[in-house]
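Contents: one structure, followed by commentary.
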Number of protein chains: 2
Amino acid sequence: MHTSPLAARADKLVGSVIDSSTSLLAAQKHDIVRFAMGAPADETVPTEEFRDIASKVFTDRSFTYGATEGEPVLLKQLLGYLATTSEPTREERVTITAGGMQGLDIAFKMYVDPGDLVIVESPTYTNGSATALSYGADLLEAPMDKNGLIVEALPDLVAAAGRTPKAIYTIPNFQNPSGTTLSQARREQLVELAHQWNAVIIDDDPYGLLRFSGEDIPGFQQISPEDPLIFSVRTFSKILAPGLRVGWVDADPSVRQLVIHSKQAMDTCTNVPNQHIVAEFIRRGGLDDHLAGLRLEYHARKVAMLDSIGRHLGGRVATTNPDGGFFLWLTLLGEDAATSTQALFETALAEGVAFIPGPALSASGKFDDALRLCFASTTPGRTEEGIVRLTRALDRAR
Amino acid sequence: MHTSPLAARADKLVGSVIDSSTSLLAAQKHDIVRFAMGAPADETVPTEEFRDIASKVFTDRSFTYGATEGEPVLLKQLLGYLATTSEPTREERVTITAGGMQGLDIAFKMYVDPGDLVIVESPTYTNGSATALSYGADLLEAPMDKNGLIVEALPDLVAAAGRTPKAIYTIPNFQNPSGTTLSQARREQLVELAHQWNAVIIDDDPYGLLRFSGEDIPGFQQISPEDPLIFSVRTFSKILAPGLRVGWVDADPSVRQLVIHSKQAMDTCTNVPNQHIVAEFIRRGGLDDHLAGLRLEYHARKVAMLDSIGRHLGGRVATTNPDGGFFLWLTLLGEDAATSTQALFETALAEGVAFIPGPALSASGKFDDALRLCFASTTPGRTEEGIVRLTRALDRAR
C-alpha cells in the first residue's frame with residue numbers, strides 16, 4: 001500500500017524535528033536541559049487556578065459537542081479581551097481552533113493546491129511549512145536578516161520562480177526560530193506585494209503579546225484593516241498553556257464559513273472543557289497580570305541566556321537578541337562553523353542539553369551551522385548549566 | 001483571492017449538514033426535540049466524576065505539550081482496557097487523536113491524492129466523505145441494504161469506474177446514518193477485495209462497543225489480524241463524551257510514524273487535560289459499567305422511538321432496526337415519498353423537531369425521501385413528542 005506522496009513530503013520534514021523530540025523523550029531519564037521545545041515554562045502555568053475553574057465551571061455542556069466556530073462563552077471573553085489590545089476584532093471574523101497549528105492547517109488547506117507556490121521565511125517554523133507541503137505547496141524559502149523577512153528581495157525571487165505565490169507564510173513578531181521581528185516598513189511593503197500577487201498573508205503570531213522590550217510595531221491587521229488577504233492565526237499556547245490546544249483564527253468574514261467547514265471536517269469542534277477553562281480565566285480578569293508576569297520572566301530569562309552565552313561562547317557564536325517571545329538563533333562562527341549542528345545534537349544530548357538543529361527548521365535543510373534555543377522554558381540557573389553543557393559539546397565536536 | 005477548489009468541494013458538502021446545525025443553534029430558544037446531532041445523551045455523561053478527576057489529576061504536565069502519539073498514561077490505560085475487549089492491540093499500532101474525526105482526516109490525508117478513487121457507503125457520514133473530498137478524492141458511492149454495504153456490487157462498480165480505489169471508507173457497526181451492520185461474510189469479502197485492489201479499508205467504528213442486541217460480529221482486525229490494509233479509527237466521543245475530543249487510530253506499525261507526523265502538522269498533539277481525564281476514568285475501572293449502562297439506555301430509547309414511529313407513522317414510513325449505536329434511518333413511503341426531506345427540515349423545525357435530511361448524507365445528494373434520526377440523545381417521553389411533531393410536519397408537507 002503506497003501512502004500519499006504529498007503526505008510523505010511533509011513526513012520527511014516533520015520527522016526531522018519530531019525525531020529530535022523522540023530522542024528527547026527516550027532520554028527523559030537523564031537530566032537534560034531542554035532548550036529544544038517551544039513551551040512556556042511549566043511554573044508559569046496557572047495549574048491551581050485551572051483546577052479550581054474546572055471544579056466550578058464544568059457542566060454537562062462542557063463535554064458534549066460544541067459549535068465548530070467555538071464556544072459562545074469563549075468567543076465573548078476573547079472578543080472582550082482583544083478589544084483592550086491593539087488587535088480588536090469581531091465575532092464574524094473569529095473561529096476557535098485547536099491551537100495555532102490547526103489555524104495553519106486550515107489556512108494551507110484553504111489556500112493551497114498541489115503545485116502552488118508558497119513563500120516561507122528561511123528559517124521558519126517547521127510544522128507550518130510541513131503543513132503547506134502536505135497540501136502540495138512548492139516552497140520558496142526567502143532569506144531573513146535582523147529585521148525579519150527581507151521583503152525587498154521577494155519580487156526577484158518570485159520572478160525567478162516564474163509564477164506568483166498563492167500564500168506568504170510569516171511569523172512577524174519574535175519569529176520562530178530566529179527571534180527577529182519584521183519591521184514596519186517591510187510589513188507595509190509585504191501587504192502591497194500580497195495585493196499585487198493576490199496572495200494571502202498567513203500572519204502567524206503566537207508571541208505578539210509577549211513583547212518585553214523595544215517598541216510595538218503595528219500588526220498586519222492594523223496596517224491594512226479588514227483586508228481579505230490577511231489571515232491571522234493566534235493561540236493561547238504561548239500566553240497561557242499549550243496543552244489546552246486552544247487558539248483562534250481572525251480572518252475576513254467572507255471566508256469564515258469556509259474556515260468553519262474546513263475545521264468541521266478536521267476535528268468537528270475544539271475540545272470544549274478547555275475552552276470553558278480559558279473563558280473563565282479571562283472572565284476572572286487574570287490574563288493581563290499573567291501576561292505582564294510572563295514578559296518580566298521571559299525578559300529575565302533571555303538576558304540570562306545571552307549572559308551565559310557571552311561568558312562561555314563569546315566570540316565563537318553570534319546570536320539574535322529578540323524583544324519578545326521564546327527563541328533566539330545561534331550561529332556558529334570561525335572554526336566552530338565547520339561543526340554540523342545536526343551532528344552536534346547527539347553529542348549535546350549526551351552532555352545533557354537539547355536544542356533544535358538549524359536544518360530541521362528549513363525545508364531544504366539549510367543552516368547546518370546554526371541552531372534554535374528556547375530561553376523561555378528554563379530558569380537562569382538551568383540555562384547557565386545548559387550553556388556550559390552546550391560549550392562542552394561544541395568542544396568535543398571540534 | 002481564490003480559495004482552493006479542493007477545499008470548496010468539501011465545503012459544499014459539510015455545509016449541507018452544518019447549515020442544519022446552524023439553523024438549530026438559531027432555533028435554540030425554542031423547544032426543539034433534537035434527533036439531528038449524533039451526541040450521547042447529556043445525562044449519561046459522568047460530569048461529576050470528570051470534575052472530581054480534574055480537581056485531582058491535573059498537574060502542570062496536564063497543560064504543556066504532550067507527545068504527539070498521546071499521553072503515556074492514556075496509552076497505558078487504553079491498551080489495558082482494549083485487552084479486555086475483542087480488539088486487543090499494542091502500543092506500536094496506536095496513536096491518540098482529537099476524536100474519530102481527526103483519525104479520518106489523518107487517514108484520507110495519508111492515502112488520498114487528487115483524483116484518487118475512494119469507495120464510500122451511500123448514505124454515509126458526511127464529514128468523513130467531505131474530508132476525502134478535501135484531499136481530492138473522487139467518491140464512488142456504493143449502495144447498502146440491511147446487511148450494510150453491498151460488497152458483492154463493488155467489483156462491477158469499480159470496473160465501471162475504470163480504476164481501482166485507493167481507499168474504502170466503511171462504518172461497519174450500526175452505521176452512521178443507516179444503523180445497519182455489515183455482515184461477517186461481507187467483511188471477509190471486503191478484506192479480499194481490498195487486497196486485490198491494494199486499497200486501504202478505513203474502518204470507522206465509533207459505535208462498536210454499543211451493541212445492545214444481536215450477536216457480535218468479528219471486526220476487520222479480528223478477521224485479518226496485523227493487516228497493513230486495515231486502518232481503524234476509534235473514539236471516546238460516543239462511549240464517553242464527544243466534547244473531550246479524544247479518540248485513537250489503530251493501524252499497522254509500518255505507518256504509525258506517518259500517522260504521528262501527519263497529526264503533528266495538524267494540531268501538534270491532542271489536548272492533554274482531557275487525555276488525563278479519560279485515563280483516570282478508565283484507571284478507576286468505571287468504563288465497563290458505564291458502557292453497560294449506555295447499552296441498556298440506548299436499547300430502551302431505540303425501542304421507544306420505533307414504538308412512537310409505529311403508533312404515529314405506521315405504514316407511512318419504513319425504518320431500519322439497529323442492534324446498537326445511535327441512529328436509525330427512516331424512508332418515506334407511498335404518498336409521503338413525494339415529500340422532500342430537505343424541504344421538510346424547515347417545516348419540522350417550525351413544529352419543533354430536528355433531524356438530518358437524507359441528501360446531507362450523500363455527496364451526490366441522494367435520499368431526498370429519507371432522513372436520519374438519532375434515538376440516543378432523547379428520553380422516551382421527548383422522543384414521543386418529537387415523533388408527534390414530525391408527523392405533524394409530514395402532514396403539513398403533504
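Residues in the C-alpha cells are numbered from 1 in each chain, the chains being A, B, ... in the order shown, and ligands are numbered from 1 in the order shown.
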
Hey, which bits of chain B sit within 6 Å of chain A, and for each residue what's the closest pair of atoms and how far apart in Å (one decimal), counting only C-alpha atoms, rows by chain and increasing number, as a Markdown table?
```
| residue | atom | partner | partner_atom | distance |
| --- | --- | --- | --- | --- |
| B:Met1 | CA | A:Asn198 | CA | 5.8 |
| B:Thr3 | CA | A:Tyr111 | CA | 4.9 |
| B:Ser4 | CA | A:Tyr111 | CA | 5.0 |
| B:Ala7 | CA | A:Met110 | CA | 5.6 |
| B:Asp11 | CA | A:His261 | CA | 5.7 |
| B:Val14 | CA | A:His261 | CA | 5.9 |
| B:Asp42 | CA | A:Asp60 | CA | 6.0 |
| B:Thr47 | CA | A:Asp60 | CA | 5.7 |
| B:Arg51 | CA | A:Ser55 | CA | 5.2 |
| B:Ser55 | CA | A:Arg51 | CA | 5.2 |
| B:Asp60 | CA | A:Thr47 | CA | 5.7 |
| B:Phe63 | CA | A:Gly243 | CA | 4.0 |
| B:Thr64 | CA | A:Gly243 | CA | 4.3 |
| B:Tyr65 | CA | A:Gly243 | CA | 4.8 |
| B:Met101 | CA | A:Asp267 | CA | 5.0 |
| B:Gln102 | CA | A:Asp267 | CA | 5.0 |
| B:Asp105 | CA | A:Met266 | CA | 5.6 |
| B:Met110 | CA | A:Ser4 | CA | 5.3 |
| B:Tyr111 | CA | A:Thr3 | CA | 4.9 |
| B:Val112 | CA | A:Ser4 | CA | 6.0 |
| B:Asn127 | CA | A:Ala265 | CA | 5.1 |
| B:Thr131 | CA | A:Ala265 | CA | 5.5 |
| B:Asn198 | CA | A:Met1 | CA | 5.8 |
| B:Ala241 | CA | A:Phe63 | CA | 5.6 |
| B:Pro242 | CA | A:Thr64 | CA | 5.1 |
| B:Gly243 | CA | A:Phe63 | CA | 4.1 |
| B:Leu244 | CA | A:Asn271 | CA | 5.3 |
| B:Arg245 | CA | A:Asn271 | CA | 5.2 |
| B:His261 | CA | A:Asp11 | CA | 5.6 |
| B:Ala265 | CA | A:Asn127 | CA | 5.1 |
| B:Met266 | CA | A:Gln102 | CA | 5.5 |
| B:Asp267 | CA | A:Met101 | CA | 4.9 |
| B:Asn271 | CA | A:Arg245 | CA | 5.3 |
| B:Val272 | CA | A:Gly243 | CA | 5.0 |
```

Kindly export the residues of the current selection with N, CA and C atoms, as an mmCIF file, in the first residue's frame.
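Okay, this is what ended up in result25.cif:
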```cif
data_model
loop_
_atom_site.group_PDB
_atom_site.id
_atom_site.type_symbol
_atom_site.label_atom_id
_atom_site.label_comp_id
_atom_site.auth_asym_id
_atom_site.auth_seq_id
_atom_site.Cartn_x
_atom_site.Cartn_y
_atom_site.Cartn_z
ATOM 1 N N MET B 1 -9.188 36.911 -4.006
ATOM 2 C CA MET B 1 -8.392 35.755 -3.588
ATOM 3 C C MET B 1 -9.231 34.508 -3.744
ATOM 4 N N THR B 3 -9.967 30.730 -3.063
ATOM 5 C CA THR B 3 -9.606 29.638 -2.179
ATOM 6 C C THR B 3 -9.527 28.347 -2.997
ATOM 7 N N SER B 4 -8.944 27.336 -2.358
ATOM 8 C CA SER B 4 -8.677 26.072 -3.036
ATOM 9 C C SER B 4 -9.959 25.406 -3.550
ATOM 10 N N ALA B 7 -10.786 22.522 -1.265
ATOM 11 C CA ALA B 7 -11.462 22.923 -0.025
ATOM 12 C C ALA B 7 -12.925 23.264 -0.319
ATOM 13 N N ASP B 11 -16.368 21.950 1.252
ATOM 14 C CA ASP B 11 -17.180 22.994 1.858
ATOM 15 C C ASP B 11 -18.659 22.805 1.574
ATOM 16 N N VAL B 14 -19.982 19.686 3.597
ATOM 17 C CA VAL B 14 -20.070 19.929 5.035
ATOM 18 C C VAL B 14 -21.172 20.939 5.293
ATOM 19 N N ASP B 42 -26.910 13.902 27.193
ATOM 20 C CA ASP B 42 -26.198 14.698 28.201
ATOM 21 C C ASP B 42 -26.184 13.993 29.555
ATOM 22 N N THR B 47 -20.325 13.805 34.379
ATOM 23 C CA THR B 47 -19.752 15.141 34.619
ATOM 24 C C THR B 47 -19.161 15.278 36.015
ATOM 25 N N ARG B 51 -15.315 16.170 36.886
ATOM 26 C CA ARG B 51 -14.914 17.303 37.736
ATOM 27 C C ARG B 51 -14.001 16.844 38.851
ATOM 28 N N SER B 55 -10.069 17.850 39.388
ATOM 29 C CA SER B 55 -9.545 18.505 40.586
ATOM 30 C C SER B 55 -8.423 17.687 41.213
ATOM 31 N N ASP B 60 0.877 20.370 36.395
ATOM 32 C CA ASP B 60 1.488 21.233 35.374
ATOM 33 C C ASP B 60 1.646 20.469 34.065
ATOM 34 N N PHE B 63 -0.911 20.576 31.186
ATOM 35 C CA PHE B 63 -1.180 21.786 30.405
ATOM 36 C C PHE B 63 -0.059 22.159 29.456
ATOM 37 N N THR B 64 1.003 21.356 29.447
ATOM 38 C CA THR B 64 2.058 21.631 28.479
ATOM 39 C C THR B 64 1.879 20.714 27.273
ATOM 40 N N TYR B 65 2.745 20.848 26.266
ATOM 41 C CA TYR B 65 2.640 19.971 25.101
ATOM 42 C C TYR B 65 2.753 18.511 25.531
ATOM 43 N N MET B 101 -12.938 11.995 14.244
ATOM 44 C CA MET B 101 -12.871 12.835 13.040
ATOM 45 C C MET B 101 -11.428 13.074 12.625
ATOM 46 N N GLN B 102 -10.550 13.320 13.589
ATOM 47 C CA GLN B 102 -9.155 13.524 13.209
ATOM 48 C C GLN B 102 -8.516 12.242 12.695
ATOM 49 N N ASP B 105 -9.373 12.331 9.187
ATOM 50 C CA ASP B 105 -8.588 13.359 8.495
ATOM 51 C C ASP B 105 -7.185 12.807 8.200
ATOM 52 N N MET B 110 -3.335 10.652 4.469
ATOM 53 C CA MET B 110 -2.256 9.695 4.217
ATOM 54 C C MET B 110 -2.438 8.910 2.927
ATOM 55 N N TYR B 111 -3.682 8.635 2.567
ATOM 56 C CA TYR B 111 -3.901 7.664 1.494
ATOM 57 C C TYR B 111 -4.477 8.237 0.210
ATOM 58 N N VAL B 112 -4.941 9.480 0.253
ATOM 59 C CA VAL B 112 -5.669 10.009 -0.909
ATOM 60 C C VAL B 112 -4.961 11.214 -1.503
ATOM 61 N N ASN B 127 -19.107 14.178 7.225
ATOM 62 C CA ASN B 127 -17.788 14.759 7.468
ATOM 63 C C ASN B 127 -16.680 13.830 6.999
ATOM 64 N N THR B 131 -14.089 15.029 4.113
ATOM 65 C CA THR B 131 -12.641 15.039 4.298
ATOM 66 C C THR B 131 -11.954 14.366 3.124
ATOM 67 N N ASN B 198 -5.279 -3.516 -3.543
ATOM 68 C CA ASN B 198 -4.271 -2.811 -2.744
ATOM 69 C C ASN B 198 -4.849 -1.493 -2.212
ATOM 70 N N ALA B 241 -17.722 10.865 25.997
ATOM 71 C CA ALA B 241 -18.200 12.245 25.815
ATOM 72 C C ALA B 241 -17.485 12.874 24.629
ATOM 73 N N PRO B 242 -18.225 13.453 23.696
ATOM 74 C CA PRO B 242 -17.604 13.989 22.484
ATOM 75 C C PRO B 242 -16.836 15.289 22.689
ATOM 76 N N GLY B 243 -17.243 16.087 23.697
ATOM 77 C CA GLY B 243 -16.572 17.363 23.914
ATOM 78 C C GLY B 243 -15.116 17.206 24.309
ATOM 79 N N LEU B 244 -14.749 15.990 24.784
ATOM 80 C CA LEU B 244 -13.361 15.734 25.164
ATOM 81 C C LEU B 244 -12.435 15.803 23.969
ATOM 82 N N ARG B 245 -12.969 15.430 22.791
ATOM 83 C CA ARG B 245 -12.165 15.278 21.570
ATOM 84 C C ARG B 245 -10.961 14.359 21.819
ATOM 85 N N HIS B 261 3.387 11.880 12.380
ATOM 86 C CA HIS B 261 3.873 13.096 11.722
ATOM 87 C C HIS B 261 2.723 13.873 11.079
ATOM 88 N N ALA B 265 1.548 17.848 12.235
ATOM 89 C CA ALA B 265 1.368 19.030 11.383
ATOM 90 C C ALA B 265 -0.103 19.434 11.273
ATOM 91 N N MET B 266 -0.974 18.808 12.046
ATOM 92 C CA MET B 266 -2.382 19.219 12.102
ATOM 93 C C MET B 266 -2.695 19.999 13.378
ATOM 94 N N ASP B 267 -2.255 19.464 14.524
ATOM 95 C CA ASP B 267 -2.571 20.150 15.785
ATOM 96 C C ASP B 267 -1.539 19.914 16.871
ATOM 97 N N ASN B 271 -5.270 17.571 22.926
ATOM 98 C CA ASN B 271 -5.321 18.322 24.187
ATOM 99 C C ASN B 271 -5.048 17.389 25.368
ATOM 100 N N VAL B 272 -4.215 17.844 26.278
ATOM 101 C CA VAL B 272 -3.666 16.966 27.311
ATOM 102 C C VAL B 272 -4.605 16.745 28.495
#
```

Give me every strand (DSSP E) residue in region 21-140 of chain B, going by DSSP on the backbone, as an NGL selection string. :B and (33-34 or 94-97 or 117-122 or 138-140)

Coordinates-based distance that separates CA of Asp250 (chain A) from CA of Gln77 (chain A) (Å, one decimal):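 Calculated distance between CA of Gln77 (chain A) and CA of Asp250 (chain A) is 14.8 Å.
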
Excluding region 148-163 of chain A and any residue of its chain fewer than 3 positions from it, enumerate the residues within 9 Å of it, using only C-alpha atoms, and give them as a list of chain:residue names. A:Asp116, A:Leu117, A:Ile119, A:Val120, A:Glu121, A:Ser122, A:Leu140, A:Ala142, A:Pro143, A:Met144, A:Asp145, A:Thr170, A:Ile171, A:Pro172, A:Asn173, A:Phe174, A:Gln175, A:Ser178, A:Gly179, A:Thr180, A:Thr181, A:Leu182, A:Ser183, A:Arg186, A:Arg187, A:Gln189, A:Leu190, A:Leu193

Take the residues from that selection and put them in a file with C-alpha atoms, as an mmCIF file, in the first residue's frame.
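Below is the file result_24.cif, written as the result:
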```cif
data_model
loop_
_atom_site.group_PDB
_atom_site.id
_atom_site.type_symbol
_atom_site.label_atom_id
_atom_site.label_comp_id
_atom_site.auth_asym_id
_atom_site.auth_seq_id
_atom_site.Cartn_x
_atom_site.Cartn_y
_atom_site.Cartn_z
ATOM 1 C CA ASP A 116 1.012 26.267 -5.755
ATOM 2 C CA LEU A 117 3.905 28.483 -4.745
ATOM 3 C CA ILE A 119 6.714 31.875 0.305
ATOM 4 C CA VAL A 120 8.126 30.841 3.666
ATOM 5 C CA GLU A 121 10.717 32.515 5.821
ATOM 6 C CA SER A 122 14.067 30.791 5.971
ATOM 7 C CA LEU A 140 10.005 29.360 -1.892
ATOM 8 C CA ALA A 142 13.062 33.617 1.432
ATOM 9 C CA PRO A 143 16.039 34.954 3.367
ATOM 10 C CA MET A 144 15.837 36.938 6.602
ATOM 11 C CA ASP A 145 18.012 39.472 8.361
ATOM 12 C CA THR A 170 5.228 34.799 8.015
ATOM 13 C CA ILE A 171 5.719 34.956 11.777
ATOM 14 C CA PRO A 172 6.093 38.721 12.139
ATOM 15 C CA ASN A 173 6.913 39.043 15.845
ATOM 16 C CA PHE A 174 9.889 37.351 17.566
ATOM 17 C CA GLN A 175 9.910 34.832 14.804
ATOM 18 C CA SER A 178 15.097 33.331 14.596
ATOM 19 C CA GLY A 179 13.623 35.637 17.241
ATOM 20 C CA THR A 180 13.643 38.551 14.773
ATOM 21 C CA THR A 181 10.761 40.977 14.216
ATOM 22 C CA LEU A 182 9.556 42.200 10.845
ATOM 23 C CA SER A 183 9.985 45.985 10.550
ATOM 24 C CA ARG A 186 8.590 45.685 5.452
ATOM 25 C CA ARG A 187 5.129 44.843 6.756
ATOM 26 C CA GLN A 189 5.676 46.502 1.638
ATOM 27 C CA LEU A 190 4.531 42.906 2.155
ATOM 28 C CA LEU A 193 3.103 42.748 -2.688
#
```

So that I can check the surroundings of Thr378 (chain B), please list as a ChimeraX atom specification every protein, DNA and RNA residue that reaches within 12 Å of it, counting only C-alpha atoms and ignoring chain neighbours fewer than 2 positions away. /B:32-44,297-298,300-302,304-305,326-327,353-354,373-376,380-387

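When only C-alpha atoms are used to compute distances to Pro225 (chain B), the closest of the residues B:Ala251, B:Leu332, B:Leu79, B:Leu133 turns out to be B:Ala251.
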
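With only C-alpha atoms as the atoms that count, the minimum distance from Val94 (chain A) to the choices A:Val233, A:Ala360, A:Ala185, A:Ile202 is reached by A:Val233.
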
So how far away is CA of Pro206 (chain B) from CA of Gly80 (chain B), in Å? 18.7 Å

Would you work out the distance separating CA of Gly325 (chain B) from CA of Asp252 (chain B), expressed in Å to one decimal?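 Going from CA of Gly325 (chain B) over to CA of Asp252 (chain B) covers 26.4 Å.
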
Run DSSP on the backbone and tell me which residues of region 341-384 of chain A come out as alpha helix (DSSP H); list them as a list in words.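 Selection result, alpha helix (DSSP H) within region 341-384 of chain A: Thr341, Gln342, Ala343, Leu344, Phe345, Glu346, Thr347, Ala348, Leu349, Ala350, Glu351, Pro380, Gly381, Arg382, Thr383 and Glu384 of chain A.
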
Can you list, as a PyMOL selection string, every protein, DNA or RNA residue that comes within 12 Å of Ala397 (chain B) when you count only C-alpha atoms, leaving out same-chain residues fewer than 4 positions away? chain B and resi 335-348+350-351+390-393

Would you mind exporting N, CA and C atoms of the selected residues as an mmCIF file, in the first residue's frame?
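What landed in part_37.cif:
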```cif
data_model
loop_
_atom_site.group_PDB
_atom_site.id
_atom_site.type_symbol
_atom_site.label_atom_id
_atom_site.label_comp_id
_atom_site.auth_asym_id
_atom_site.auth_seq_id
_atom_site.Cartn_x
_atom_site.Cartn_y
_atom_site.Cartn_z
ATOM 1 N N GLU B 335 -47.581 8.087 -0.626
ATOM 2 C CA GLU B 335 -47.703 9.497 -0.998
ATOM 3 C C GLU B 335 -46.638 10.364 -0.350
ATOM 4 N N ASP B 336 -46.234 10.002 0.885
ATOM 5 C CA ASP B 336 -45.225 10.807 1.587
ATOM 6 C C ASP B 336 -43.877 10.806 0.878
ATOM 7 N N ALA B 337 -43.644 9.764 0.072
ATOM 8 C CA ALA B 337 -42.349 9.666 -0.609
ATOM 9 C C ALA B 337 -42.101 10.850 -1.535
ATOM 10 N N ALA B 338 -43.172 11.542 -1.897
ATOM 11 C CA ALA B 338 -43.021 12.718 -2.767
ATOM 12 C C ALA B 338 -42.532 13.938 -1.990
ATOM 13 N N THR B 339 -42.594 13.856 -0.649
ATOM 14 C CA THR B 339 -42.117 14.973 0.179
ATOM 15 C C THR B 339 -40.593 14.977 0.212
ATOM 16 N N SER B 340 -40.005 16.139 -0.062
ATOM 17 C CA SER B 340 -38.551 16.271 0.033
ATOM 18 C C SER B 340 -38.166 16.462 1.492
ATOM 19 N N THR B 341 -37.286 15.584 2.001
ATOM 20 C CA THR B 341 -36.908 15.719 3.417
ATOM 21 C C THR B 341 -36.073 16.968 3.644
ATOM 22 N N GLN B 342 -35.439 17.433 2.563
ATOM 23 C CA GLN B 342 -34.693 18.677 2.693
ATOM 24 C C GLN B 342 -35.676 19.842 2.919
ATOM 25 N N ALA B 343 -36.774 19.827 2.165
ATOM 26 C CA ALA B 343 -37.798 20.863 2.364
ATOM 27 C C ALA B 343 -38.499 20.663 3.710
ATOM 28 N N LEU B 344 -38.687 19.391 4.067
ATOM 29 C CA LEU B 344 -39.370 19.073 5.323
ATOM 30 C C LEU B 344 -38.631 19.621 6.543
ATOM 31 N N PHE B 345 -37.298 19.734 6.394
ATOM 32 C CA PHE B 345 -36.477 20.144 7.538
ATOM 33 C C PHE B 345 -36.984 21.444 8.163
ATOM 34 N N GLU B 346 -37.251 22.453 7.335
ATOM 35 C CA GLU B 346 -37.679 23.755 7.873
ATOM 36 C C GLU B 346 -39.063 23.667 8.521
ATOM 37 N N THR B 347 -39.957 22.929 7.856
ATOM 38 C CA THR B 347 -41.296 22.727 8.430
ATOM 39 C C THR B 347 -41.190 22.030 9.782
ATOM 40 N N ALA B 348 -40.354 21.012 9.822
ATOM 41 C CA ALA B 348 -40.192 20.250 11.061
ATOM 42 C C ALA B 348 -39.621 21.132 12.164
ATOM 43 N N ALA B 350 -40.005 24.268 12.457
ATOM 44 C CA ALA B 350 -41.099 25.134 12.913
ATOM 45 C C ALA B 350 -42.032 24.368 13.859
ATOM 46 N N GLU B 351 -42.175 23.073 13.629
ATOM 47 C CA GLU B 351 -43.011 22.239 14.514
ATOM 48 C C GLU B 351 -42.265 21.869 15.798
ATOM 49 N N LEU B 390 -42.961 15.418 14.229
ATOM 50 C CA LEU B 390 -42.526 15.015 12.888
ATOM 51 C C LEU B 390 -43.732 14.625 12.045
ATOM 52 N N THR B 391 -44.666 13.938 12.680
ATOM 53 C CA THR B 391 -45.887 13.540 11.980
ATOM 54 C C THR B 391 -46.669 14.774 11.522
ATOM 55 N N ARG B 392 -46.798 15.745 12.410
ATOM 56 C CA ARG B 392 -47.479 16.995 12.039
ATOM 57 C C ARG B 392 -46.763 17.666 10.861
ATOM 58 N N ALA B 393 -45.440 17.689 10.909
ATOM 59 C CA ALA B 393 -44.676 18.328 9.826
ATOM 60 C C ALA B 393 -44.934 17.591 8.508
#
```
